[in-house]
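Visitor: Take a look at start-v4.json, JSON, C-alpha atoms:
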[["chain", "number", "residue", "atom", "x", "y", "z"],
["A", 296, "MET", "CA", 25.11, 18.43, 56.09],
["A", 297, "LYS", "CA", 22.53, 16.67, 53.94],
["A", 298, "LYS", "CA", 22.78, 17.51, 50.25],
["A", 299, "PHE", "CA", 19.82, 18.60, 48.14],
["A", 300, "HIS", "CA", 18.65, 15.56, 46.17],
["A", 301, "ILE", "CA", 16.95, 15.66, 42.75],
["A", 302, "LEU", "CA", 15.50, 12.70, 40.86],
["A", 303, "CYS", "CA", 14.66, 13.02, 37.14],
["A", 304, "ILE", "CA", 12.64, 10.28, 35.42],
["A", 305, "ARG", "CA", 12.69, 9.94, 31.62],
["A", 306, "CYS", "CA", 12.35, 6.43, 30.15],
["A", 307, "ASP", "CA", 12.09, 6.61, 26.37],
["A", 308, "ARG", "CA", 14.36, 7.11, 23.35],
["A", 309, "ILE", "CA", 17.72, 8.71, 22.59],
["A", 310, "GLY", "CA", 16.26, 11.79, 20.91],
["A", 311, "ASP", "CA", 13.82, 12.44, 23.77],
["A", 312, "MET", "CA", 16.65, 12.34, 26.29],
["A", 313, "LEU", "CA", 18.90, 14.57, 24.20],
["A", 314, "VAL", "CA", 16.27, 17.32, 23.98],
["A", 315, "SER", "CA", 15.75, 16.97, 27.74],
["A", 316, "THR", "CA", 19.38, 17.80, 28.56],
["A", 317, "PRO", "CA", 18.68, 21.58, 28.71],
["A", 318, "VAL", "CA", 16.25, 20.89, 31.57],
["A", 319, "ILE", "CA", 18.78, 18.71, 33.40],
["A", 320, "HIS", "CA", 21.42, 21.40, 32.89],
["A", 321, "ARG", "CA", 19.07, 24.09, 34.24],
["A", 322, "LEU", "CA", 18.51, 22.04, 37.39],
["A", 323, "ARG", "CA", 22.27, 21.69, 37.79],
["A", 324, "GLU", "CA", 22.69, 25.47, 37.40],
["A", 325, "LEU", "CA", 20.08, 26.11, 40.08],
["A", 326, "TYR", "CA", 21.43, 23.43, 42.44],
["A", 327, "PRO", "CA", 25.18, 23.16, 41.67],
["A", 328, "ASP", "CA", 25.97, 21.03, 44.73],
["A", 329, "ALA", "CA", 22.93, 18.74, 44.55],
["A", 330, "VAL", "CA", 22.91, 15.01, 43.99],
["A", 331, "LEU", "CA", 21.13, 14.87, 40.61],
["A", 332, "ASP", "CA", 20.06, 11.36, 39.68],
["A", 333, "VAL", "CA", 18.33, 10.22, 36.49],
["A", 334, "ILE", "CA", 16.26, 7.12, 35.83],
["A", 335, "ALA", "CA", 16.44, 6.32, 32.11],
["A", 336, "SER", "CA", 15.69, 3.57, 29.62],
["A", 337, "PRO", "CA", 18.67, 1.65, 28.22],
["A", 338, "LEU", "CA", 18.54, 3.84, 25.09],
["A", 339, "GLY", "CA", 18.07, 7.07, 27.00],
["A", 340, "ALA", "CA", 21.01, 6.26, 29.26],
["A", 341, "VAL", "CA", 23.30, 6.20, 26.22],
["A", 342, "ALA", "CA", 22.44, 9.85, 25.58],
["A", 343, "LEU", "CA", 23.66, 10.79, 29.10],
["A", 344, "GLU", "CA", 26.98, 8.98, 29.05],
["A", 345, "ASP", "CA", 29.65, 11.18, 30.70],
["A", 346, "ASN", "CA", 27.15, 14.03, 31.12],
["A", 347, "PRO", "CA", 28.71, 16.23, 33.83],
["A", 348, "ASP", "CA", 25.32, 17.43, 35.08],
["A", 349, "VAL", "CA", 24.28, 13.91, 36.20],
["A", 350, "SER", "CA", 25.44, 12.44, 39.51],
["A", 351, "ARG", "CA", 24.09, 8.91, 39.10],
["A", 352, "LEU", "CA", 22.30, 7.13, 36.28],
["A", 353, "PHE", "CA", 19.85, 4.28, 36.93],
["A", 354, "ILE", "CA", 18.40, 2.04, 34.22],
["A", 355, "TYR", "CA", 14.75, 1.10, 33.95],
["A", 356, "ASP", "CA", 14.07, -1.62, 31.40],
["A", 357, "LYS", "CA", 10.35, -2.22, 30.90],
["A", 358, "LYS", "CA", 11.14, -5.68, 29.49],
["A", 359, "SER", "CA", 12.86, -6.73, 32.72],
["A", 360, "ALA", "CA", 10.87, -7.27, 35.92],
["A", 361, "ALA", "CA", 14.18, -7.37, 37.79],
["A", 362, "SER", "CA", 14.77, -3.72, 36.94],
["A", 363, "TRP", "CA", 11.85, -2.75, 39.21],
["A", 364, "LEU", "CA", 13.54, -4.50, 42.11],
["A", 365, "ARG", "CA", 16.88, -2.83, 41.37],
["A", 366, "LEU", "CA", 15.24, 0.59, 41.20],
["A", 367, "LEU", "CA", 13.14, 0.32, 44.34],
["A", 368, "PRO", "CA", 15.93, 1.17, 46.85],
["A", 369, "HIS", "CA", 16.80, 4.28, 44.84],
["A", 370, "LEU", "CA", 13.16, 5.35, 44.53],
["A", 371, "LEU", "CA", 12.77, 5.05, 48.30],
["A", 372, "GLU", "CA", 15.72, 7.32, 49.02],
["A", 373, "PRO", "CA", 14.52, 10.74, 50.21],
["A", 374, "HIS", "CA", 14.43, 13.31, 47.39],
["A", 375, "ASP", "CA", 13.83, 17.04, 47.56],
["A", 376, "LEU", "CA", 12.58, 17.21, 43.95],
["A", 377, "VAL", "CA", 11.14, 14.43, 41.78],
["A", 378, "VAL", "CA", 10.74, 15.47, 38.12],
["A", 379, "ASN", "CA", 8.59, 13.28, 35.89],
["A", 380, "PHE", "CA", 9.40, 14.30, 32.30],
["A", 381, "ASN", "CA", 6.11, 13.05, 30.81],
["A", 382, "ALA", "CA", 2.81, 13.35, 32.67],
["A", 383, "HIS", "CA", 1.13, 11.18, 30.02],
["A", 384, "SER", "CA", 3.34, 8.15, 30.61],
["A", 385, "ARG", "CA", 1.76, 5.63, 32.97],
["A", 386, "THR", "CA", 5.17, 4.09, 33.64],
["A", 387, "LEU", "CA", 6.73, 7.41, 34.60],
["A", 388, "CYS", "CA", 3.73, 8.34, 36.74],
["A", 389, "LEU", "CA", 4.01, 5.02, 38.58],
["A", 390, "LEU", "CA", 7.75, 5.46, 39.15],
["A", 391, "SER", "CA", 7.14, 9.01, 40.36],
["A", 392, "ALA", "CA", 4.38, 7.83, 42.72],
["A", 393, "LEU", "CA", 6.72, 5.22, 44.22],
["A", 394, "ALA", "CA", 9.52, 7.73, 44.72],
["A", 395, "ARG", "CA", 9.90, 9.49, 48.06],
["A", 396, "GLY", "CA", 9.91, 13.20, 47.32],
["A", 397, "ARG", "CA", 9.33, 16.37, 49.29],
["A", 398, "LYS", "CA", 8.06, 17.99, 46.09],
["A", 399, "LYS", "CA", 6.97, 16.11, 42.98],
["A", 400, "GLY", "CA", 5.89, 17.43, 39.62],
["A", 401, "ALA", "CA", 5.46, 16.43, 35.99],
["A", 402, "LEU", "CA", 6.22, 18.06, 32.65],
["A", 403, "ASN", "CA", 4.20, 17.79, 29.43],
["A", 404, "GLN", "CA", 1.09, 19.20, 31.10],
["A", 405, "GLY", "CA", 0.89, 22.51, 29.25],
["A", 406, "ARG", "CA", 1.61, 24.70, 32.30],
["A", 407, "LEU", "CA", 4.02, 27.35, 31.04],
["A", 408, "ALA", "CA", 6.02, 30.06, 32.80],
["A", 409, "PRO", "CA", 6.94, 33.29, 30.94],
["A", 410, "TRP", "CA", 9.50, 33.05, 28.16],
["A", 411, "SER", "CA", 12.29, 35.61, 27.77],
["A", 412, "GLY", "CA", 14.27, 34.08, 24.91],
["A", 413, "ALA", "CA", 13.81, 34.07, 21.15],
["A", 414, "PRO", "CA", 10.16, 33.34, 20.27],
["A", 415, "GLU", "CA", 11.02, 30.36, 18.04],
["A", 416, "ASP", "CA", 13.11, 28.80, 20.83],
["A", 417, "GLY", "CA", 10.14, 29.05, 23.15],
["A", 418, "GLU", "CA", 8.14, 26.85, 20.77],
["A", 419, "HIS", "CA", 10.88, 24.22, 20.61],
["A", 420, "TYR", "CA", 10.33, 21.12, 22.75],
["A", 421, "SER", "CA", 13.34, 21.93, 24.93],
["A", 422, "GLY", "CA", 12.09, 25.48, 25.43],
["A", 423, "VAL", "CA", 8.60, 24.29, 26.33],
["A", 424, "MET", "CA", 10.06, 21.92, 28.95],
["A", 425, "LEU", "CA", 12.12, 24.72, 30.49],
["A", 426, "ARG", "CA", 8.98, 26.86, 30.78],
["A", 427, "GLU", "CA", 7.08, 23.93, 32.30],
["A", 428, "LEU", "CA", 9.87, 23.24, 34.79],
["A", 429, "GLU", "CA", 9.70, 26.81, 36.10],
["A", 430, "ALA", "CA", 5.91, 26.74, 36.36],
["A", 431, "GLU", "CA", 5.62, 23.29, 37.93],
["A", 432, "PHE", "CA", 8.29, 23.78, 40.60],
["A", 433, "GLN", "CA", 8.06, 27.57, 41.07],
["A", 434, "LEU", "CA", 11.71, 27.97, 40.12],
["A", 435, "PRO", "CA", 13.44, 31.30, 39.47],
["A", 436, "HIS", "CA", 12.70, 32.74, 36.04],
["A", 437, "ASP", "CA", 15.62, 32.45, 33.61],
["A", 438, "GLU", "CA", 15.96, 35.69, 31.65],
["A", 439, "HIS", "CA", 18.25, 34.07, 29.09],
["A", 440, "PRO", "CA", 17.01, 30.48, 28.66],
["A", 441, "ASP", "CA", 19.37, 28.15, 26.84],
["A", 442, "ILE", "CA", 17.89, 25.28, 24.81],
["A", 443, "SER", "CA", 21.28, 23.93, 23.69],
["A", 444, "ILE", "CA", 21.38, 20.14, 23.64],
["A", 445, "ARG", "CA", 24.31, 18.68, 25.54],
["A", 446, "PHE", "CA", 26.16, 15.49, 24.71],
["A", 447, "ALA", "CA", 29.63, 14.56, 25.95],
["A", 448, "VAL", "CA", 32.30, 13.43, 23.47],
["A", 449, "PRO", "CA", 35.58, 12.59, 25.26],
["A", 450, "GLU", "CA", 38.72, 14.02, 23.69],
["A", 451, "ALA", "CA", 40.21, 10.54, 23.37],
["A", 452, "VAL", "CA", 37.22, 9.33, 21.34],
["A", 453, "GLU", "CA", 37.28, 12.41, 19.13],
["A", 454, "LYS", "CA", 41.01, 12.03, 18.49],
["A", 455, "ALA", "CA", 40.68, 8.32, 17.65],
["A", 456, "VAL", "CA", 37.84, 8.96, 15.19],
["A", 457, "ARG", "CA", 39.73, 11.79, 13.45],
["A", 458, "GLU", "CA", 42.72, 9.47, 13.05],
["A", 459, "THR", "CA", 40.51, 6.71, 11.61],
["A", 460, "TYR", "CA", 38.47, 9.02, 9.34],
["A", 461, "PRO", "CA", 40.82, 11.93, 8.65],
["A", 462, "PRO", "CA", 39.32, 14.86, 6.71],
["A", 463, "VAL", "CA", 40.98, 15.34, 3.32],
["A", 464, "ALA", "CA", 42.56, 18.72, 2.61],
["A", 465, "GLY", "CA", 40.62, 20.63, -0.03],
["A", 466, "LEU", "CA", 37.47, 18.52, 0.38],
["A", 467, "ARG", "CA", 34.37, 19.43, 2.35],
["A", 468, "ARG", "CA", 32.74, 16.47, 4.08],
["A", 469, "VAL", "CA", 28.97, 16.01, 3.85],
["A", 470, "GLY", "CA", 27.42, 13.27, 5.98],
["A", 471, "ILE", "CA", 24.08, 11.82, 4.83],
["A", 472, "PHE", "CA", 22.13, 9.70, 7.31],
["A", 473, "ILE", "CA", 19.81, 7.36, 5.37],
["A", 474, "GLY", "CA", 17.85, 5.67, 8.25],
["A", 475, "ASN", "CA", 15.60, 4.94, 10.18],
["A", 476, "ILE", "CA", 14.70, 1.78, 8.26],
["A", 477, "LYS", "CA", 11.66, 1.07, 10.46],
["A", 478, "LYS", "CA", 9.90, 4.37, 9.71],
["A", 479, "THR", "CA", 8.58, 4.35, 6.16],
["A", 480, "GLY", "CA", 6.51, 7.54, 6.00],
["A", 481, "LEU", "CA", 8.92, 9.46, 8.20],
["A", 482, "ARG", "CA", 11.93, 8.39, 6.14],
["A", 483, "TRP", "CA", 12.87, 10.09, 2.88],
["A", 484, "PRO", "CA", 12.96, 7.42, 0.13],
["A", 485, "ILE", "CA", 16.35, 5.77, -0.31],
["A", 486, "GLU", "CA", 16.12, 6.41, -4.06],
["A", 487, "LYS", "CA", 16.07, 10.15, -3.34],
["A", 488, "PHE", "CA", 19.08, 9.85, -1.05],
["A", 489, "VAL", "CA", 20.93, 8.09, -3.87],
["A", 490, "GLU", "CA", 19.95, 10.82, -6.35],
["A", 491, "LEU", "CA", 21.05, 13.54, -3.91],
["A", 492, "THR", "CA", 24.40, 11.77, -3.50],
["A", 493, "LYS", "CA", 24.94, 11.57, -7.26],
["A", 494, "VAL", "CA", 24.08, 15.25, -7.78],
["A", 495, "LEU", "CA", 26.41, 16.33, -4.96],
["A", 496, "LEU", "CA", 29.32, 14.34, -6.39],
["A", 497, "ASP", "CA", 28.68, 15.27, -10.03],
["A", 498, "LYS", "CA", 28.28, 19.00, -9.43],
["A", 499, "ASN", "CA", 30.85, 19.59, -6.68],
["A", 500, "ALA", "CA", 34.42, 18.37, -7.16],
["A", 501, "ASP", "CA", 35.36, 19.59, -3.67],
["A", 502, "VAL", "CA", 32.70, 17.60, -1.79],
["A", 503, "ASP", "CA", 33.38, 14.28, -0.05],
["A", 504, "VAL", "CA", 30.15, 12.35, 0.67],
["A", 505, "TRP", "CA", 29.84, 9.93, 3.58],
["A", 506, "ILE", "CA", 26.72, 7.76, 3.80],
["A", 507, "VAL", "CA", 25.93, 7.31, 7.49],
["A", 508, "ALA", "CA", 23.81, 4.44, 8.81],
["A", 509, "GLY", "CA", 23.07, 2.58, 12.01],
["A", 510, "GLU", "CA", 23.58, -1.17, 12.17],
["A", 511, "SER", "CA", 19.87, -1.82, 11.61],
["A", 512, "ASP", "CA", 19.91, 0.45, 8.52],
["A", 513, "VAL", "CA", 22.59, -1.53, 6.66],
["A", 514, "PRO", "CA", 20.05, -3.16, 4.25],
["A", 515, "LEU", "CA", 19.34, 0.33, 2.89],
["A", 516, "LEU", "CA", 22.93, 0.52, 1.65],
["A", 517, "GLU", "CA", 22.01, -2.00, -1.05],
["A", 518, "ALA", "CA", 20.64, 0.96, -3.01],
["A", 519, "TYR", "CA", 24.24, 2.17, -3.39],
["A", 520, "ARG", "CA", 25.51, -1.15, -4.74],
["A", 521, "GLY", "CA", 27.48, -0.58, -7.92],
["A", 522, "MET", "CA", 27.79, 3.16, -7.30],
["A", 523, "GLU", "CA", 31.54, 3.54, -7.03],
["A", 524, "HIS", "CA", 33.19, 6.92, -6.67],
["A", 525, "PRO", "CA", 36.50, 7.98, -5.09],
["A", 526, "ARG", "CA", 34.67, 10.62, -3.02],
["A", 527, "LEU", "CA", 31.90, 8.32, -1.80],
["A", 528, "HIS", "CA", 32.32, 6.50, 1.54],
["A", 529, "GLN", "CA", 30.31, 4.80, 4.27],
["A", 530, "PHE", "CA", 30.24, 5.13, 8.04],
["A", 531, "ILE", "CA", 28.31, 2.53, 10.08],
["A", 532, "GLY", "CA", 27.60, 3.66, 13.64],
["A", 533, "LYS", "CA", 28.12, 0.48, 15.63],
["A", 534, "LYS", "CA", 30.67, 1.26, 18.36],
["A", 535, "SER", "CA", 28.89, 3.85, 20.50],
["A", 536, "LEU", "CA", 26.84, 7.02, 20.29],
["A", 537, "GLN", "CA", 29.93, 8.98, 21.31],
["A", 538, "HIS", "CA", 31.86, 7.40, 18.43],
["A", 539, "THR", "CA", 29.12, 8.44, 15.98],
["A", 540, "ALA", "CA", 28.99, 11.96, 17.44],
["A", 541, "ALA", "CA", 32.77, 12.25, 17.04],
["A", 542, "PHE", "CA", 32.42, 11.30, 13.39],
["A", 543, "LEU", "CA", 29.69, 13.89, 12.85],
["A", 544, "LYS", "CA", 32.10, 16.50, 14.22],
["A", 545, "THR", "CA", 34.39, 15.78, 11.25],
["A", 546, "CYS", "CA", 31.61, 16.79, 8.83],
["A", 547, "ASP", "CA", 31.16, 20.26, 7.37],
["A", 548, "ALA", "CA", 27.43, 19.58, 6.97],
["A", 549, "PHE", "CA", 24.99, 16.81, 7.78],
["A", 550, "VAL", "CA", 21.72, 15.71, 6.15],
["A", 551, "THR", "CA", 19.13, 13.62, 8.01],
["A", 552, "CYS", "CA", 15.42, 12.84, 8.08],
["A", 553, "THR", "CA", 15.62, 11.11, 11.47],
["A", 554, "SER", "CA", 15.26, 12.93, 14.77],
["A", 555, "SER", "CA", 17.93, 11.27, 16.94],
["A", 556, "PRO", "CA", 20.82, 11.98, 14.51],
["A", 557, "GLN", "CA", 19.32, 15.45, 14.07],
["A", 558, "HIS", "CA", 19.59, 16.12, 17.81],
["A", 559, "LEU", "CA", 23.03, 14.52, 18.02],
["A", 560, "ALA", "CA", 24.33, 16.76, 15.23],
["A", 561, "GLY", "CA", 22.80, 19.75, 16.96],
["A", 562, "ALA", "CA", 24.51, 18.82, 20.21],
["A", 563, "VAL", "CA", 27.97, 18.75, 18.58],
["A", 564, "LYS", "CA", 27.28, 21.96, 16.59],
["A", 565, "VAL", "CA", 27.36, 20.47, 13.08],
["A", 566, "PRO", "CA", 25.45, 22.51, 10.44],
["A", 567, "THR", "CA", 22.42, 20.38, 9.62],
["A", 568, "VAL", "CA", 19.73, 19.91, 6.99],
["A", 569, "SER", "CA", 16.61, 18.41, 8.54],
["A", 570, "ILE", "CA", 14.27, 16.64, 6.12],
["A", 571, "THR", "CA", 11.08, 17.00, 8.11],
["A", 572, "TYR", "CA", 7.37, 17.88, 8.27],
["A", 573, "PRO", "CA", 5.56, 20.97, 9.57],
["A", 574, "TRP", "CA", 4.92, 20.32, 13.28],
["A", 575, "SER", "CA", 8.25, 18.55, 13.75],
["A", 576, "GLU", "CA", 10.03, 21.54, 12.21],
["A", 577, "THR", "CA", 8.60, 23.74, 14.97],
["A", 578, "LEU", "CA", 9.11, 21.36, 17.89],
["A", 579, "TRP", "CA", 12.19, 19.27, 17.20],
["A", 580, "THR", "CA", 14.66, 20.59, 14.62],
["A", 581, "PRO", "CA", 18.01, 22.01, 15.80],
["A", 582, "ARG", "CA", 18.25, 25.78, 16.15],
["A", 583, "GLY", "CA", 21.20, 27.77, 14.84],
["A", 584, "PRO", "CA", 22.28, 30.06, 12.00],
["A", 585, "LEU", "CA", 23.47, 27.14, 9.82],
["A", 586, "ASN", "CA", 20.57, 24.76, 10.49],
["A", 587, "PHE", "CA", 17.89, 24.70, 7.79],
["A", 588, "SER", "CA", 14.95, 22.42, 7.01],
["A", 589, "ALA", "CA", 13.35, 20.96, 3.91],
["A", 590, "VAL", "CA", 9.71, 20.68, 5.01],
["A", 591, "SER", "CA", 7.00, 18.51, 3.46],
["A", 592, "LYS", "CA", 3.49, 19.77, 2.78],
["A", 593, "VAL", "CA", 1.87, 17.26, 5.18],
["A", 594, "ASN", "CA", 2.54, 16.08, 8.71],
["A", 595, "ASP", "CA", 4.12, 12.71, 9.45],
["A", 596, "ASP", "CA", 5.27, 12.12, 5.87],
["A", 597, "VAL", "CA", 8.38, 13.49, 4.15],
["A", 598, "ARG", "CA", 8.31, 11.42, 0.96],
["A", 599, "ASP", "CA", 6.97, 14.26, -1.21],
["A", 600, "ILE", "CA", 10.01, 16.52, -0.69],
["A", 601, "PRO", "CA", 11.94, 16.87, -4.00],
["A", 602, "VAL", "CA", 15.66, 16.15, -4.24],
["A", 603, "ARG", "CA", 16.24, 19.66, -5.57],
["A", 604, "GLU", "CA", 14.71, 21.20, -2.44],
["A", 605, "VAL", "CA", 17.02, 19.20, -0.17],
["A", 606, "TYR", "CA", 20.04, 20.09, -2.32],
["A", 607, "GLU", "CA", 19.21, 23.79, -2.23],
["A", 608, "THR", "CA", 18.58, 23.62, 1.53],
["A", 609, "LEU", "CA", 22.01, 22.03, 1.92],
["A", 610, "ASP", "CA", 23.44, 24.90, -0.12],
["A", 611, "LYS", "CA", 22.02, 27.33, 2.48],
["A", 612, "THR", "CA", 23.57, 25.27, 5.28],
["A", 613, "MET", "CA", 26.91, 25.43, 3.45],
["A", 614, "GLN", "CA", 26.58, 29.20, 3.02],
["A", 615, "GLY", "CA", 25.83, 29.16, -0.72],
["A", 616, "THR", "CA", 29.01, 27.36, -1.74],
["A", 617, "LEU", "CA", 27.50, 24.45, -3.68],
["A", 618, "THR", "CA", 27.21, 24.57, -7.45],
["A", 619, "PRO", "CA", 23.70, 25.83, -8.27],
["A", 620, "TRP", "CA", 21.12, 23.24, -9.29],
["A", 621, "THR", "CA", 20.25, 23.29, -12.99],
["A", 622, "ASP", "CA", 17.60, 21.15, -14.67]]
Could I get this structure in the form of structure tokens?
Guide:
Amino acid sequence: MKKFHILCIRCDRIGDMLVSTPVIHRLRELYPDAVLDVIASPLGAVALEDNPDVSRLFIYDKKSAASWLRLLPHLLEPHDLVVNFNAHSRTLCLLSALARGRKKGALNQGRLAPWSGAPEDGEHYSGVMLRELEAEFQLPHDEHPDISIRFAVPEAVEKAVRETYPPVAGLRRVGIFIGNIKKTGLRWPIEKFVELTKVLLDKNADVDVWIVAGESDVPLLEAYRGMEHPRLHQFIGKKSLQHTAAFLKTCDAFVTCTSSPQHLAGAVKVPTVSITYPWSETLWTPRGPLNFSAVSKVNDDVRDIPVREVYETLDKTMQGTLTPWTD
């Protein structure tokens, strides 16, 4: 008997794929025995590693003409549903047009089905996509929609990371992600990260601070040169996204102004401070009782947010256990 076949197409960044995992999971819930394939960019594919909802993962690399040839046989397989995750992407629309599908549809068109969950979740990007999926494909209405981001961290990876970076008894670990180095306006100034680090260490004898950076963000660590402290450490995420996620799971709280680490922390249920701006706070930030945001006064720029505001937001995330800020 022929299996139901679903093809999802999403070819952009890690964060975009992470916030799309609730949609992929919803499709798996509706069609538990289906072959559910995903076409992703090289970065997006990393976000789906070991994801149990995905049957097969195919890579589309826009810089490689050969990737079109490799994809073509899979596009020409018969599909029952073809889901284009971005109607405004010419690449995704072309891939969707080439795919053989009994029913095709695209998200990011503004067509929304009713929402039964918490109002703020319905405004979140993942919630919007779930509403669009129902409307576009006339799927059963979910009375209890779940926007939880999903990311697989194998037990072996988690165990290895805990052995390499063991939490210290009596100390609470705060991770601070200082990137993305390429985004100036969207990145909180490194000088403010350094000041936040100093205040945390000076005021809280039971806090262990780990500066987290990607390989491309290493030049930013120069700002910490000469700042030596027994409770100050560095973690460079260079092995894998799963390795970084496993490290985040060792943290009691996490501070970031970058969306991908924000989503990754949300996926592994780490209490998070998002340094963000107004529209991003509504659409992108993790939801949860211990997730709080320090929000700038303008869109697309977080540089005006004071260090004190981030510190006090972190105090909320840590349930009021930090030493109060005093001038």
Visitor: For His369 (chain A), which residue out of A:Gln433, A:Pro327, A:Leu302, A:Lys357 is the nearest one, using all atoms listed in the file?
Guide: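 Nearest to His369 (chain A): A:Leu302.
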Visitor: I need the residue nearest Thr612 (chain A) from this list: A:Leu322, A:Val563, A:Val469, A:Leu543. Use all atoms listed in the file for the distance.
Guide: A:Val469
Visitor: How big is the axis-aligned box around all listed atoms of region 374-383 of chain A once 8 Å goes on each side, and where's its centre, in Å to one decimal, as JSON?
Guide:
{"center_x": 7.8, "center_y": 14.2, "center_z": 38.8, "size_x": 29.3, "size_y": 22.0, "size_z": 33.5}
Visitor: From the options A:Ser336, A:Asn346, A:Phe432, A:Pro601, which residue's atoms come nearest to Asp375 (chain A), counting only C-alpha atoms?
Guide: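 Going through A:Ser336, A:Asn346, A:Phe432, A:Pro601 one by one, the smallest distance to Asp375 (chain A) is for A:Phe432.
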Visitor: For His558 (chain A), list every protein, DNA or RNA residue within 12 Å, evaluated using all atoms listed in the file, and leave out those in the same chain fewer than 3 positions away; present the list as a PDB file with C-alpha atoms, keeping the file's coordinate frame.
Guide:
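Output file around_13.pdb follows:
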ATOM      1  CA  ARG A 308      14.360   7.110  23.350  1.00  0.00           C
ATOM      2  CA  ILE A 309      17.720   8.710  22.590  1.00  0.00           C
ATOM      3  CA  GLY A 310      16.260  11.790  20.910  1.00  0.00           C
ATOM      4  CA  ASP A 311      13.820  12.440  23.770  1.00  0.00           C
ATOM      5  CA  MET A 312      16.650  12.340  26.290  1.00  0.00           C
ATOM      6  CA  LEU A 313      18.900  14.570  24.200  1.00  0.00           C
ATOM      7  CA  VAL A 314      16.270  17.320  23.980  1.00  0.00           C
ATOM      8  CA  SER A 315      15.750  16.970  27.740  1.00  0.00           C
ATOM      9  CA  THR A 316      19.380  17.800  28.560  1.00  0.00           C
ATOM     10  CA  ALA A 342      22.440   9.850  25.580  1.00  0.00           C
ATOM     11  CA  TYR A 420      10.330  21.120  22.750  1.00  0.00           C
ATOM     12  CA  SER A 421      13.340  21.930  24.930  1.00  0.00           C
ATOM     13  CA  ILE A 442      17.890  25.280  24.810  1.00  0.00           C
ATOM     14  CA  SER A 443      21.280  23.930  23.690  1.00  0.00           C
ATOM     15  CA  ILE A 444      21.380  20.140  23.640  1.00  0.00           C
ATOM     16  CA  ARG A 445      24.310  18.680  25.540  1.00  0.00           C
ATOM     17  CA  PHE A 446      26.160  15.490  24.710  1.00  0.00           C
ATOM     18  CA  LEU A 536      26.840   7.020  20.290  1.00  0.00           C
ATOM     19  CA  ALA A 540      28.990  11.960  17.440  1.00  0.00           C
ATOM     20  CA  LEU A 543      29.690  13.890  12.850  1.00  0.00           C
ATOM     21  CA  PHE A 549      24.990  16.810   7.780  1.00  0.00           C
ATOM     22  CA  VAL A 550      21.720  15.710   6.150  1.00  0.00           C
ATOM     23  CA  THR A 551      19.130  13.620   8.010  1.00  0.00           C
ATOM     24  CA  CYS A 552      15.420  12.840   8.080  1.00  0.00           C
ATOM     25  CA  THR A 553      15.620  11.110  11.470  1.00  0.00           C
ATOM     26  CA  SER A 554      15.260  12.930  14.770  1.00  0.00           C
ATOM     27  CA  SER A 555      17.930  11.270  16.940  1.00  0.00           C
ATOM     28  CA  GLY A 561      22.800  19.750  16.960  1.00  0.00           C
ATOM     29  CA  ALA A 562      24.510  18.820  20.210  1.00  0.00           C
ATOM     30  CA  VAL A 563      27.970  18.750  18.580  1.00  0.00           C
ATOM     31  CA  LYS A 564      27.280  21.960  16.590  1.00  0.00           C
ATOM     32  CA  VAL A 565      27.360  20.470  13.080  1.00  0.00           C
ATOM     33  CA  PRO A 566      25.450  22.510  10.440  1.00  0.00           C
ATOM     34  CA  THR A 567      22.420  20.380   9.620  1.00  0.00           C
ATOM     35  CA  VAL A 568      19.730  19.910   6.990  1.00  0.00           C
ATOM     36  CA  SER A 569      16.610  18.410   8.540  1.00  0.00           C
ATOM     37  CA  LEU A 578       9.110  21.360  17.890  1.00  0.00           C
ATOM     38  CA  TRP A 579      12.190  19.270  17.200  1.00  0.00           C
ATOM     39  CA  THR A 580      14.660  20.590  14.620  1.00  0.00           C
ATOM     40  CA  PRO A 581      18.010  22.010  15.800  1.00  0.00           C
ATOM     41  CA  ARG A 582      18.250  25.780  16.150  1.00  0.00           C
ATOM     42  CA  ASN A 586      20.570  24.760  10.490  1.00  0.00           C
TER      43      ASN A 586
END
Visitor: Measuring atom to atom with all atoms listed in the file, identify which of A:His436, A:Lys498, A:Arg598, A:Arg426 is nearest to Ala408 (chain A).
Guide: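 Of all the options, A:Arg426 lies closest to Ala408 (chain A).
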Visitor: Using Å and a single decimal, report how far CA of Lys399 (chain A) sits from CA of Val377 (chain A).
Guide: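 CA of Lys399 (chain A) lies at a distance of 4.7 Å from CA of Val377 (chain A).
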Visitor: Choose the residue, out of A:Ala455, A:Leu491, A:Ala335, A:Val448, that has the smallest atom-to-atom separation from Val605 (chain A); count only C-alpha atoms.
Guide: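 Going through A:Ala455, A:Leu491, A:Ala335, A:Val448 one by one, the smallest distance to Val605 (chain A) is for A:Leu491.
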Visitor: Tell me which protein, DNA and RNA residues are within 12 Å of Val602 (chain A), counting all atoms listed in the file, leaving out same-chain ones fewer than 4 positions away, and put them as a count of residues only.
Guide: 25
